[in-house]
Each structure stands twice: as C-alpha cells, then as structure tokens.
>>> print(open('run_26.tsv').read())   # TSV, C-alpha atoms
chain	number	residue	atom	x	y	z
A	27	MET	CA	-9.45	-28.58	-27.00
A	28	ASP	CA	-7.69	-29.16	-23.69
A	29	THR	CA	-5.50	-26.61	-21.95
A	30	THR	CA	-2.25	-28.33	-22.93
A	31	SER	CA	-3.16	-28.07	-26.61
A	32	LYS	CA	-4.19	-24.43	-26.22
A	33	LEU	CA	-0.88	-23.59	-24.59
A	34	ALA	CA	0.96	-25.36	-27.40
A	35	LEU	CA	-0.89	-23.21	-29.95
A	36	ILE	CA	0.19	-20.06	-28.12
A	37	LEU	CA	3.81	-21.19	-28.21
A	38	GLU	CA	3.51	-21.78	-31.96
A	39	ASP	CA	1.94	-18.35	-32.64
A	40	ALA	CA	4.33	-16.47	-34.91
A	41	ASP	CA	2.65	-13.14	-34.14
A	42	LEU	CA	3.08	-13.38	-30.37
A	43	SER	CA	5.74	-11.12	-28.88
A	44	ALA	CA	8.96	-12.73	-27.70
A	45	ALA	CA	8.29	-11.59	-24.14
A	46	LEU	CA	4.83	-13.17	-24.01
A	47	LYS	CA	6.14	-16.35	-25.61
A	48	ALA	CA	8.92	-16.53	-23.00
A	49	ILE	CA	6.36	-16.23	-20.19
A	50	ALA	CA	4.19	-18.93	-21.77
A	51	LEU	CA	7.22	-21.21	-21.99
A	52	LYS	CA	7.94	-20.63	-18.31
A	53	VAL	CA	4.36	-21.59	-17.47
A	54	GLN	CA	4.69	-24.77	-19.52
A	55	ASN	CA	7.95	-25.61	-17.71
A	56	ARG	CA	6.56	-24.67	-14.28
A	57	GLU	CA	9.15	-21.95	-13.86
A	58	ARG	CA	8.61	-18.78	-11.82
A	59	ILE	CA	8.01	-15.53	-13.68
A	60	THR	CA	9.83	-12.39	-12.57
A	61	PHE	CA	8.53	-9.10	-11.17
A	62	ASP	CA	9.11	-7.37	-14.52
A	63	GLU	CA	7.30	-10.16	-16.35
A	64	GLY	CA	4.35	-9.74	-13.98
A	65	VAL	CA	4.14	-6.05	-14.82
A	66	TYR	CA	4.51	-6.87	-18.53
A	67	LEU	CA	1.48	-9.17	-18.34
A	68	TYR	CA	-0.65	-6.39	-16.88
A	69	GLU	CA	0.52	-3.91	-19.49
A	70	HIS	CA	0.54	-6.06	-22.63
A	71	ALA	CA	-1.24	-9.42	-22.30
A	72	GLU	CA	-4.70	-9.90	-23.77
A	73	LEU	CA	-7.46	-11.66	-21.87
A	74	GLY	CA	-7.49	-14.77	-24.07
A	75	TYR	CA	-3.76	-15.34	-23.67
A	76	LEU	CA	-3.96	-14.89	-19.89
A	77	GLY	CA	-6.91	-17.25	-19.68
A	78	VAL	CA	-5.04	-20.04	-21.45
A	79	LEU	CA	-2.00	-19.72	-19.16
A	80	ALA	CA	-4.00	-19.37	-15.94
A	81	ASN	CA	-6.35	-22.19	-16.84
A	82	TYR	CA	-3.41	-24.43	-17.69
A	83	ILE	CA	-1.93	-23.85	-14.22
A	84	ARG	CA	-5.31	-24.25	-12.54
A	85	GLU	CA	-5.95	-27.58	-14.22
A	86	GLN	CA	-2.42	-28.82	-13.58
A	87	LYS	CA	-3.01	-28.17	-9.88
A	88	HIS	CA	-6.68	-29.07	-9.47
A	89	GLY	CA	-8.16	-30.42	-12.70
A	90	ASP	CA	-11.80	-29.35	-12.83
A	91	ASN	CA	-12.21	-29.40	-9.04
A	92	THR	CA	-13.85	-26.23	-7.77
A	93	TYR	CA	-14.03	-25.78	-4.04
A	94	PHE	CA	-16.59	-24.24	-1.72
A	95	ASN	CA	-17.53	-24.64	1.92
A	96	ARG	CA	-20.55	-24.31	4.16
A	97	ASN	CA	-19.82	-21.30	6.29
A	98	PHE	CA	-21.34	-18.31	7.98
A	99	HIS	CA	-19.97	-15.02	9.22
A	100	ILE	CA	-20.05	-13.29	12.56
A	101	GLU	CA	-19.14	-9.61	12.39
A	102	PRO	CA	-18.64	-8.53	16.01
A	103	THR	CA	-18.71	-4.81	15.23
A	104	ASN	CA	-18.66	-2.34	12.39
A	105	VAL	CA	-17.37	0.41	14.69
A	106	CYS	CA	-13.65	1.01	14.15
A	107	VAL	CA	-10.79	3.12	15.41
A	108	TYR	CA	-9.32	3.18	11.90
A	109	ASP	CA	-10.37	5.37	8.99
A	110	CYS	CA	-9.74	3.43	5.78
A	111	LYS	CA	-10.80	5.51	2.81
A	112	PHE	CA	-12.14	2.56	0.79
A	113	CYS	CA	-14.28	1.09	3.58
A	114	SER	CA	-18.07	1.29	3.27
A	115	TYR	CA	-18.63	-0.99	6.23
A	116	SER	CA	-17.15	0.59	9.32
A	117	ARG	CA	-18.23	3.53	11.42
A	118	LEU	CA	-15.76	5.59	13.42
A	119	ILE	CA	-16.07	5.65	17.19
A	120	LYS	CA	-17.78	9.05	16.98
A	121	GLN	CA	-20.42	7.49	14.68
A	122	ARG	CA	-20.95	4.37	16.77
A	123	GLU	CA	-24.70	4.99	17.05
A	124	GLU	CA	-24.91	4.05	13.35
A	125	GLY	CA	-23.39	0.62	13.93
A	126	TRP	CA	-23.32	-2.37	16.24
A	127	GLU	CA	-21.00	-3.79	18.88
A	128	MET	CA	-21.75	-7.35	19.92
A	129	SER	CA	-21.07	-9.00	23.26
A	130	VAL	CA	-19.59	-12.47	23.65
A	131	ASP	CA	-23.08	-13.75	24.46
A	132	GLY	CA	-24.46	-12.02	21.37
A	133	MET	CA	-21.86	-13.74	19.21
A	134	MET	CA	-22.72	-17.06	20.83
A	135	ASP	CA	-26.40	-16.45	20.01
A	136	VAL	CA	-25.49	-16.15	16.32
A	137	LEU	CA	-23.36	-19.28	16.47
A	138	LYS	CA	-26.14	-21.27	18.15
A	139	LYS	CA	-28.51	-20.45	15.28
A	140	TYR	CA	-26.47	-22.96	13.27
A	141	ASP	CA	-26.62	-25.83	15.75
A	142	ASN	CA	-28.67	-27.97	13.37
A	143	GLU	CA	-26.94	-26.84	10.17
A	144	PRO	CA	-24.09	-28.79	8.49
A	145	VAL	CA	-21.75	-25.78	8.45
A	146	THR	CA	-18.04	-26.45	8.94
A	147	GLU	CA	-16.67	-22.93	9.45
A	148	VAL	CA	-17.43	-19.67	11.20
A	149	HIS	CA	-15.62	-16.68	9.68
A	150	ILE	CA	-15.16	-13.80	12.11
A	151	THR	CA	-13.96	-10.32	11.20
A	152	GLY	CA	-15.11	-6.76	11.62
A	153	GLY	CA	-14.03	-3.41	12.97
A	154	VAL	CA	-11.52	-2.67	15.73
A	155	VAL	CA	-12.73	-1.34	19.10
A	156	PRO	CA	-10.87	-1.28	22.44
A	157	LYS	CA	-13.32	-3.39	24.42
A	158	GLN	CA	-13.15	-6.30	21.97
A	159	ASN	CA	-9.70	-7.17	23.24
A	160	LEU	CA	-7.60	-10.28	23.85
A	161	GLU	CA	-9.76	-11.54	26.67
A	162	PHE	CA	-12.96	-10.81	24.77
A	163	TYR	CA	-11.93	-13.02	21.86
A	164	SER	CA	-10.29	-15.73	23.97
A	165	GLU	CA	-13.51	-16.00	25.97
A	166	PHE	CA	-15.56	-16.31	22.79
A	167	PHE	CA	-13.22	-18.88	21.21
A	168	ARG	CA	-13.34	-21.03	24.35
A	169	LYS	CA	-17.12	-20.85	24.59
A	170	ALA	CA	-17.53	-21.57	20.87
A	171	LYS	CA	-15.28	-24.63	21.06
A	172	ALA	CA	-17.00	-25.89	24.19
A	173	HIS	CA	-20.38	-25.53	22.49
A	174	ARG	CA	-19.39	-26.98	19.10
A	175	PRO	CA	-15.90	-28.52	19.04
A	176	ASP	CA	-16.10	-29.53	15.36
A	177	LEU	CA	-16.71	-25.99	14.07
A	178	HIS	CA	-13.57	-24.46	12.57
A	179	ILE	CA	-12.91	-20.92	13.84
A	180	LYS	CA	-11.35	-18.72	11.15
A	181	ALA	CA	-11.08	-15.38	12.83
A	182	LEU	CA	-9.73	-11.84	12.61
A	183	THR	CA	-6.95	-10.34	10.52
A	184	PRO	CA	-3.57	-8.82	11.35
A	185	VAL	CA	-5.31	-5.45	11.53
A	186	GLU	CA	-7.30	-6.63	14.55
A	187	TYR	CA	-4.47	-8.72	15.99
A	188	TYR	CA	-1.88	-5.94	15.75
A	189	TYR	CA	-4.13	-3.66	17.80
A	190	ILE	CA	-5.12	-6.39	20.26
A	191	PHE	CA	-1.57	-7.64	20.89
A	192	LYS	CA	-0.15	-4.14	21.24
A	193	LYS	CA	-2.82	-3.30	23.80
A	194	ALA	CA	-2.12	-6.56	25.66
A	195	LYS	CA	1.67	-5.99	25.49
A	196	LEU	CA	2.21	-9.35	23.78
A	197	SER	CA	4.50	-10.27	20.91
A	198	HIS	CA	2.86	-11.41	17.70
A	199	TYR	CA	4.02	-14.96	18.35
A	200	ASP	CA	2.81	-15.07	21.96
A	201	GLY	CA	-0.51	-13.48	21.02
A	202	MET	CA	-1.21	-15.95	18.24
A	203	LYS	CA	-0.18	-18.87	20.46
A	204	TYR	CA	-2.46	-17.67	23.26
A	205	LEU	CA	-5.48	-17.44	20.97
A	206	GLN	CA	-4.69	-20.75	19.28
A	207	GLU	CA	-4.81	-22.37	22.70
A	208	ALA	CA	-8.16	-20.66	23.31
A	209	GLY	CA	-9.60	-22.26	20.16
A	210	LEU	CA	-8.55	-20.19	17.14
A	211	ASP	CA	-7.97	-22.51	14.16
A	212	SER	CA	-6.93	-20.29	11.26
A	213	MET	CA	-6.79	-16.72	10.00
A	214	PRO	CA	-8.49	-15.11	6.98
A	215	GLY	CA	-6.60	-12.87	4.60
A	216	GLY	CA	-8.12	-9.44	5.11
A	217	GLY	CA	-6.42	-6.15	5.86
A	218	ALA	CA	-3.65	-6.59	3.28
A	219	GLU	CA	-5.12	-3.99	0.88
A	220	ILE	CA	-2.02	-2.81	-1.06
A	221	PHE	CA	1.28	-3.26	0.75
A	222	HIS	CA	3.35	-0.56	-0.91
A	223	PRO	CA	3.49	2.49	1.41
A	224	GLU	CA	2.97	4.87	-1.52
A	225	ILE	CA	-0.62	3.58	-1.77
A	226	ARG	CA	-1.19	2.26	1.76
A	227	GLU	CA	-0.53	5.70	3.25
A	228	GLN	CA	-3.28	7.17	1.08
A	229	ILE	CA	-5.99	4.57	1.63
A	230	ALA	CA	-5.26	3.04	5.06
A	231	HIS	CA	-2.60	5.15	6.72
A	232	ASP	CA	-3.36	4.41	10.37
A	233	LYS	CA	-3.50	0.63	10.51
A	234	CYS	CA	-0.74	-1.99	10.52
A	235	ASN	CA	1.83	-1.73	7.76
A	236	ALA	CA	2.94	-4.44	5.33
A	237	GLU	CA	5.77	-5.71	7.50
A	238	GLN	CA	3.51	-6.05	10.55
A	239	TRP	CA	0.79	-7.76	8.50
A	240	LEU	CA	3.26	-10.26	7.08
A	241	ASP	CA	4.91	-10.90	10.44
A	242	ILE	CA	1.63	-11.82	12.11
A	243	HIS	CA	0.98	-14.36	9.36
A	244	GLU	CA	4.53	-15.67	9.75
A	245	GLN	CA	4.01	-16.20	13.48
A	246	ALA	CA	0.73	-18.00	12.77
A	247	HIS	CA	2.54	-20.25	10.29
A	248	LYS	CA	5.23	-21.01	12.88
A	249	ILE	CA	2.63	-22.50	15.22
A	250	GLY	CA	1.14	-24.61	12.45
A	251	MET	CA	-1.79	-22.38	11.59
A	252	LYS	CA	-3.00	-21.97	8.00
A	253	THR	CA	-3.95	-18.53	6.70
A	254	ASN	CA	-5.11	-16.73	3.55
A	255	ALA	CA	-4.01	-13.51	1.85
A	256	THR	CA	-5.89	-10.81	-0.03
A	257	MET	CA	-5.18	-7.84	-2.30
A	258	LEU	CA	-7.55	-4.90	-2.80
A	259	TYR	CA	-7.25	-3.93	-6.46
A	260	GLY	CA	-8.85	-1.55	-8.91
A	261	HIS	CA	-8.62	1.84	-7.17
A	262	ILE	CA	-5.64	4.25	-7.17
A	263	GLU	CA	-2.87	1.66	-7.43
A	264	LYS	CA	-0.76	1.11	-10.53
A	265	PHE	CA	-0.15	-2.32	-12.05
A	266	TRP	CA	3.34	-2.48	-10.54
A	267	HIS	CA	1.86	-1.92	-7.07
A	268	ARG	CA	-0.19	-5.09	-7.54
A	269	VAL	CA	2.90	-7.04	-8.59
A	270	ASP	CA	4.85	-5.62	-5.65
A	271	HIS	CA	2.06	-6.82	-3.35
A	272	MET	CA	2.05	-10.31	-4.83
A	273	GLU	CA	5.84	-10.46	-4.76
A	274	ARG	CA	5.91	-9.77	-1.01
A	275	LEU	CA	3.36	-12.52	-0.45
A	276	ARG	CA	5.25	-14.92	-2.68
A	277	GLN	CA	8.45	-14.28	-0.75
A	278	GLN	CA	6.65	-14.75	2.56
A	279	GLN	CA	5.20	-18.03	1.32
A	280	ASP	CA	8.69	-19.19	0.33
A	281	LYS	CA	9.77	-18.40	3.88
A	282	SER	CA	6.93	-19.65	6.10
A	283	GLY	CA	4.72	-21.70	3.80
A	284	GLY	CA	1.39	-21.42	5.60
A	285	PHE	CA	-0.77	-19.55	3.07
A	286	GLN	CA	-3.55	-21.61	1.49
A	287	ALA	CA	-5.34	-19.19	-0.83
A	288	PHE	CA	-4.81	-15.83	-2.48
A	289	ILE	CA	-7.96	-13.75	-2.80
A	290	PRO	CA	-8.04	-10.67	-5.04
A	291	LEU	CA	-10.74	-8.32	-3.74
A	292	LYS	CA	-12.35	-5.84	-6.11
A	293	PHE	CA	-12.64	-2.24	-4.91
A	294	ARG	CA	-16.30	-1.20	-4.78
A	295	ASN	CA	-16.97	2.52	-4.69
A	296	GLN	CA	-20.34	3.01	-2.99
A	297	ASN	CA	-20.75	4.64	0.42
A	298	ASN	CA	-17.09	5.34	1.08
A	299	GLN	CA	-14.54	8.16	0.85
A	300	MET	CA	-13.30	6.97	-2.54
A	301	ASP	CA	-16.62	7.10	-4.35
A	302	ASN	CA	-15.03	9.36	-7.00
A	303	VAL	CA	-12.78	6.49	-8.12
A	304	PRO	CA	-14.41	4.44	-10.90
A	305	GLU	CA	-14.56	0.67	-10.57
A	306	VAL	CA	-12.66	-1.51	-13.02
A	307	SER	CA	-14.44	-3.65	-15.59
A	308	VAL	CA	-15.22	-7.36	-15.45
A	309	ILE	CA	-12.53	-7.81	-18.10
A	310	GLU	CA	-9.99	-6.33	-15.71
A	311	ASP	CA	-11.31	-8.57	-12.92
A	312	LEU	CA	-10.65	-11.64	-15.06
A	313	ARG	CA	-7.23	-10.39	-16.17
A	314	ASN	CA	-6.30	-9.81	-12.55
A	315	TYR	CA	-7.39	-13.30	-11.45
A	316	ALA	CA	-5.43	-14.83	-14.30
A	317	ILE	CA	-2.23	-12.89	-13.60
A	318	ALA	CA	-2.55	-13.74	-9.91
A	319	ARG	CA	-2.73	-17.44	-10.81
A	320	ILE	CA	0.34	-17.14	-13.03
A	321	TYR	CA	2.37	-15.09	-10.56
A	322	MET	CA	1.46	-16.80	-7.27
A	323	ASP	CA	3.11	-20.09	-8.15
A	324	ASN	CA	3.56	-21.20	-4.53
A	325	PHE	CA	-0.08	-20.63	-3.54
A	326	ASP	CA	-2.27	-23.69	-4.02
A	327	HIS	CA	-5.56	-21.84	-4.44
A	328	ILE	CA	-6.90	-18.67	-6.02
A	329	LYS	CA	-10.26	-17.72	-4.57
A	330	ALA	CA	-13.00	-15.43	-5.89
A	331	TYR	CA	-15.69	-14.21	-3.51
A	332	TRP	CA	-18.87	-14.71	-5.49
A	333	ALA	CA	-20.69	-12.34	-3.14
A	334	MET	CA	-18.37	-9.49	-4.11
A	335	ILE	CA	-18.12	-9.93	-7.89
A	336	SER	CA	-21.54	-11.53	-8.70
A	337	ARG	CA	-22.42	-15.13	-9.45
A	338	GLN	CA	-21.91	-14.73	-13.18
A	339	THR	CA	-18.42	-13.23	-12.88
A	340	ALA	CA	-17.52	-15.95	-10.39
A	341	GLN	CA	-18.49	-18.53	-13.01
A	342	LEU	CA	-16.32	-16.78	-15.61
A	343	SER	CA	-13.41	-16.63	-13.19
A	344	LEU	CA	-13.30	-20.43	-13.06
A	345	ASN	CA	-11.75	-20.31	-16.54
A	346	PHE	CA	-9.19	-17.68	-15.51
A	347	GLY	CA	-7.28	-19.43	-12.76
A	348	VAL	CA	-9.81	-19.46	-9.93
A	349	ASP	CA	-10.54	-22.80	-8.25
A	350	ASP	CA	-12.46	-21.66	-5.14
A	351	ILE	CA	-15.56	-19.47	-4.89
A	352	ASP	CA	-15.90	-19.38	-1.08
A	353	GLY	CA	-19.00	-20.55	0.74
A	354	THR	CA	-22.70	-20.41	1.37
A	355	LEU	CA	-22.46	-17.25	3.57
A	356	ASP	CA	-26.20	-17.28	4.36
A	357	ASP	CA	-26.60	-13.49	4.37
A	358	THR	CA	-24.39	-13.15	7.44
A	359	THR	CA	-21.98	-10.58	6.00
A	360	LYS	CA	-22.56	-6.92	5.17
A	361	ILE	CA	-18.99	-6.05	4.18
A	362	TYR	CA	-19.65	-6.50	0.45
A	363	SER	CA	-23.25	-5.36	0.19
A	364	MET	CA	-22.60	-2.05	1.97
A	365	ALA	CA	-19.90	-1.27	-0.61
A	366	GLY	CA	-22.28	-1.77	-3.53
A	367	ALA	CA	-21.69	-5.39	-4.50
A	368	GLU	CA	-24.30	-6.96	-6.79
A	369	GLU	CA	-25.30	-9.38	-4.05
A	370	GLN	CA	-27.16	-7.28	-1.50
A	371	HIS	CA	-28.23	-10.34	0.50
A	372	PRO	CA	-25.44	-12.84	-0.18
A	373	ALA	CA	-26.71	-16.35	0.42
A	374	MET	CA	-26.65	-19.57	-1.58
A	375	ASN	CA	-27.60	-22.97	-0.37
A	376	THR	CA	-25.43	-25.94	-1.26
A	377	GLN	CA	-27.58	-26.93	-4.21
A	378	GLU	CA	-27.32	-23.46	-5.73
A	379	LEU	CA	-23.54	-23.40	-5.35
A	380	VAL	CA	-23.20	-26.88	-6.84
A	381	ASN	CA	-25.38	-25.94	-9.80
A	382	LEU	CA	-23.44	-22.71	-10.35
A	383	ILE	CA	-20.21	-24.71	-10.64
A	384	LYS	CA	-21.70	-27.47	-12.79
A	385	GLN	CA	-23.13	-24.95	-15.26
A	386	VAL	CA	-19.57	-24.14	-16.39
A	387	ASN	CA	-18.49	-27.80	-16.53
A	388	ARG	CA	-16.45	-27.83	-13.35
A	389	LYS	CA	-16.56	-30.35	-10.49
A	390	PRO	CA	-18.14	-29.03	-7.28
A	391	ILE	CA	-16.20	-30.12	-4.21
A	392	GLU	CA	-17.34	-29.18	-0.73
A	393	ARG	CA	-14.22	-28.69	1.37
A	394	ASP	CA	-13.50	-27.87	4.95
A	395	THR	CA	-11.38	-24.82	5.81
A	396	LEU	CA	-8.15	-26.77	5.34
A	397	TYR	CA	-9.21	-28.09	1.91
A	398	ASN	CA	-10.00	-31.61	3.03
A	399	VAL	CA	-12.82	-32.98	0.84
A	400	VAL	CA	-16.15	-33.15	2.67
A	401	THR	CA	-18.35	-34.17	-0.29
A	402	ASP	CA	-17.73	-34.56	-4.00
A	403	TYR	CA	-20.97	-33.34	-5.59
A	404	THR	CA	-20.06	-34.28	-9.16
A	405	ASP	CA	-22.66	-37.06	-9.40
A	406	VAL	CA	-25.02	-35.97	-6.61
A	407	VAL	CA	-28.65	-35.51	-7.59
A	408	PHE	CA	-30.53	-33.24	-5.20
A	409	GLU	CA	-34.00	-33.61	-3.88
A	410	ASP	CA	-35.74	-30.29	-3.28
A	411	GLU	CA	-33.63	-28.41	-0.74
A	412	VAL	CA	-35.44	-26.07	1.61
A	413	LYS	CA	-33.51	-22.91	2.42
A	414	PRO	CA	-33.46	-22.26	6.17
A	415	GLN	CA	-34.17	-18.90	7.76
A	416	TYR	CA	-31.06	-17.14	9.01
A	417	TYR	CA	-30.20	-14.59	11.62
A	418	LYS	CA	-29.92	-11.07	10.23
A	419	LEU	CA	-27.35	-8.66	11.57
A	420	PRO	CA	-28.73	-5.45	13.14
A	421	VAL	CA	-27.57	-3.08	10.42
A	422	ILE	CA	-28.75	0.50	10.13
A	423	ASN	CA	-28.32	1.77	6.59
>>> encode(input="run_26.tsv", output="structure tokens")
Amino acid sequence: MDTTSKLALILEDADLSAALKAIALKVQNRERITFDEGVYLYEHAELGYLGVLANYIREQKHGDNTYFNRNFHIEPTNVCVYDCKFCSYSRLIKQREEGWEMSVDGMMDVLKKYDNEPVTEVHITGGVVPKQNLEFYSEFFRKAKAHRPDLHIKALTPVEYYYIFKKAKLSHYDGMKYLQEAGLDSMPGGGAEIFHPEIREQIAHDKCNAEQWLDIHEQAHKIGMKTNATMLYGHIEKFWHRVDHMERLRQQQDKSGGFQAFIPLKFRNQNNQMDNVPEVSVIEDLRNYAIARIYMDNFDHIKAYWAMISRQTAQLSLNFGVDDIDGTLDDTTKIYSMAGAEEQHPAMNTQELVNLIKQVNRKPIERDTLYNVVTDYTDVVFEDEVKPQYYKLPVIN
C-alpha cells in the first residue's frame, strides 16, 4: 500500500482523536502545523501514525531517493575553551595533554591523503582554542582550495565562528564574507544543542546563545551560503523544548531560507558529565525523526547520521521521514565514537552505503554537498570494491 492510501486510512479511522485527525489533514493539505500541535504529537501520537505522516511528506518531497555523499572529516582539535556537559569529545585547556591540536600543515596532510579518492566534501569541526583563529582557518581554506579546487569545504559551526569573530573584532557578516572569500563553501549544523535558555544554561552555558547561533547562519545565508541545523535531543529537555527549538529554526528558514537539512542528534551518555542521564530508546529516535519531518515543513531534507545511531536504526529511519544518511566518513571522526555510539570506527565504502539503502527498498543517490546528483546507484552493479586505508587521528583514550 502506498503512502497516500495509508494516510487516507488514517483519516477514515473512527477511533483516532480529533486532534490527530486534524494534524493528518493538515499534512495531506500541505499546511503547517502549530507549536501546540507539535507538542501534542510528542505527547500523544503513536509510532505507526507518525511514520505514515512523515513518510508521506518524505515521499512527496523525494520519492524513494535517499542521499549520501563521499566525505571525510578533519577535526583540528579536541581541546576546547568551553565546558559542555554532554560532550565526550573535547578536553579543556588544562587537559590539553589528553588531546590534539593540529597545525595548518597537519590539516593539509590529512586532506592530501584523499588526493586519489573520489570524495566531494571535507567536513571540518572540532574544539575551540585561541590559536586556531581567523587567520589560521583562512590560511587553511586558501591552501586547501589551491591544492584541490573541486573539494567542497564545509567547515566550523557558529560556536567556533562566534569566538573567532569576536576575537578578530569582526561582525558576523564581515567574518563570514572574509572566510567565504578564503574558500569556505558552506557550514554544518552543529552547536545548536537546545536553544531554550532554560536547558542551554544547564548543558552549554558558556558558548554562543540561540540568537547568536541563528544570526551567524542568517549572515551566511545573506552571502549565498547554504548551511545545516541540528538539535541535540534525549537528555534533560522536555518535549516542548524540542518544539521550541524547531520553531526557532522554522522561523529563521522563513526569513533567510538557506538551510538545507535538519539533523536530530541523539544524546549519548558515555564519557561525559551527563553519564547519569539515560539514553532514549530507538522508538523515541524514530518518533523524533518523524515529528521533525512533519514540523520542519520548510526544510528540504531530514538527515540521520548513521555513525551516531547505528546502521540498522538509520535504515529504519528511512521510513520515518529521513531522506539522507550522511556520508562515507572513513573513520575520520571521533565525535560519535567517544560518546559511546555503536560505530566505534565509523566507515562505509560506497558499495556498503548503497547496499544499506537498497536493503530497505530505497533509491541510493550520491549527492554533492549542495544536493546536486553525482551518481544514481539504483541500477549500478558493483564489482568487488577494495576499501582503502585511511589516516587515523591521534586520539588518546
């Protein structure tokens, strides 16, 4: 049965509450649900109902297309001036001997390891340290573009940029423009966590606030740059905090229009200051993806990081509103594994990603960072693909 027929059955269900039926009718009519309706979904909607609505929207937007890209990460440092309670990755300045701080040349060495690989994107994010400043990153962006002009640089979050621009005495607009001219192409969505100050003060009190985070994205959008947005869920927040977070993003998207994907990030509780907080279930993960797809009507894509939630949950998420499962990664990130994610060495070659998507009857589409189609793998038959050896980050556990 197709998604249109399933939605019709929901609307004909005599036992369904009037509130849930009204939301389903809005989805059918492509109308925006309200803040209160978003909270109602979290508090009252069952997984099956949410899956039908989210899948209907997903297939209206993308059909069976499921996107991924060939990317790798560079994490310039895990030393940080900030003390986020949920973070398993960073080390404070006083603990810097437990971490790493890369030079521009060291970052270039990582990039050059991929000279003969068909990657399209380098994703750069990490901790915040004073010496990795405006000139540090502008020098790296220029060198990276000179070495490999076709490689898309998706780098840093408002958390890093707020610190860097304040130190350089630049406005958010001027800072983003300066780095764009140096070679920056787009911005990932990290550092959003939960916007509401009631929660943000408890888990990330010393880094940029919601207004600053949103403004840096707005300035990026003004200069034609595309960005993503995240939400850290499943810790001490209430359902209405999640809806408040999504509402602020939805309003910003109405205003500046440059967000491509919304990425819910599951809180993982190992090796951090919130290890007493239990993790939410896979059922709650899927409910959250589905509600995000229903609520974020002006975001084209909902992304699940397979490396954070496991390959199997990523497959399930493709029937709950998700249309993007990120990229090949090639074991170049430690942000998820150090927090206790199932994938301790996150790497999949293209064949593995394609097969993962095909196993749940979706169409695997390799994209570039801006969602241009690179290769449609729907009818591709692979010969044996040899997995290359990749550079490992110098992590001390």
>>> closest_residue(input="run_26.tsv", among="A:Ala255, A:Lys195, A:Tyr189, A:Gly201", to="Gly217 (chain A)", atoms="only C-alpha atoms")
A:Ala255
>>> atom_distance(input="run_26.tsv", atom1="CA of Ala181 (chain A)", atom2="CA of Thr146 (chain A)")
13.6 Å
>>> closest_residue(input="run_26.tsv", among="A:Lys389, A:Lys292, A:Lys264, A:Lys281", to="Val406 (chain A)", atoms="only C-alpha atoms")
A:Lys389
>>> closest_residue(input="run_26.tsv", among="A:Glu273, A:Glu63, A:Leu35, A:Gln158", to="Glu101 (chain A)", atoms="only C-alpha atoms")
A:Gln158
>>> closest_residue(input="run_26.tsv", among="A:Asn159, A:Gln286, A:Gln245, A:Ser164", to="Met202 (chain A)", atoms="all atoms listed in the file")
A:Gln245
>>> residues_around(input="run_26.tsv", residues="region 338-341 of chain A", least_positions_apart="6", cutoff="8 Å", atoms="all atoms listed in the file", output="list in words")
Val308, Ala330, Tyr331, Trp332, Ile351, Leu382, Ile383 and Val386 of chain A
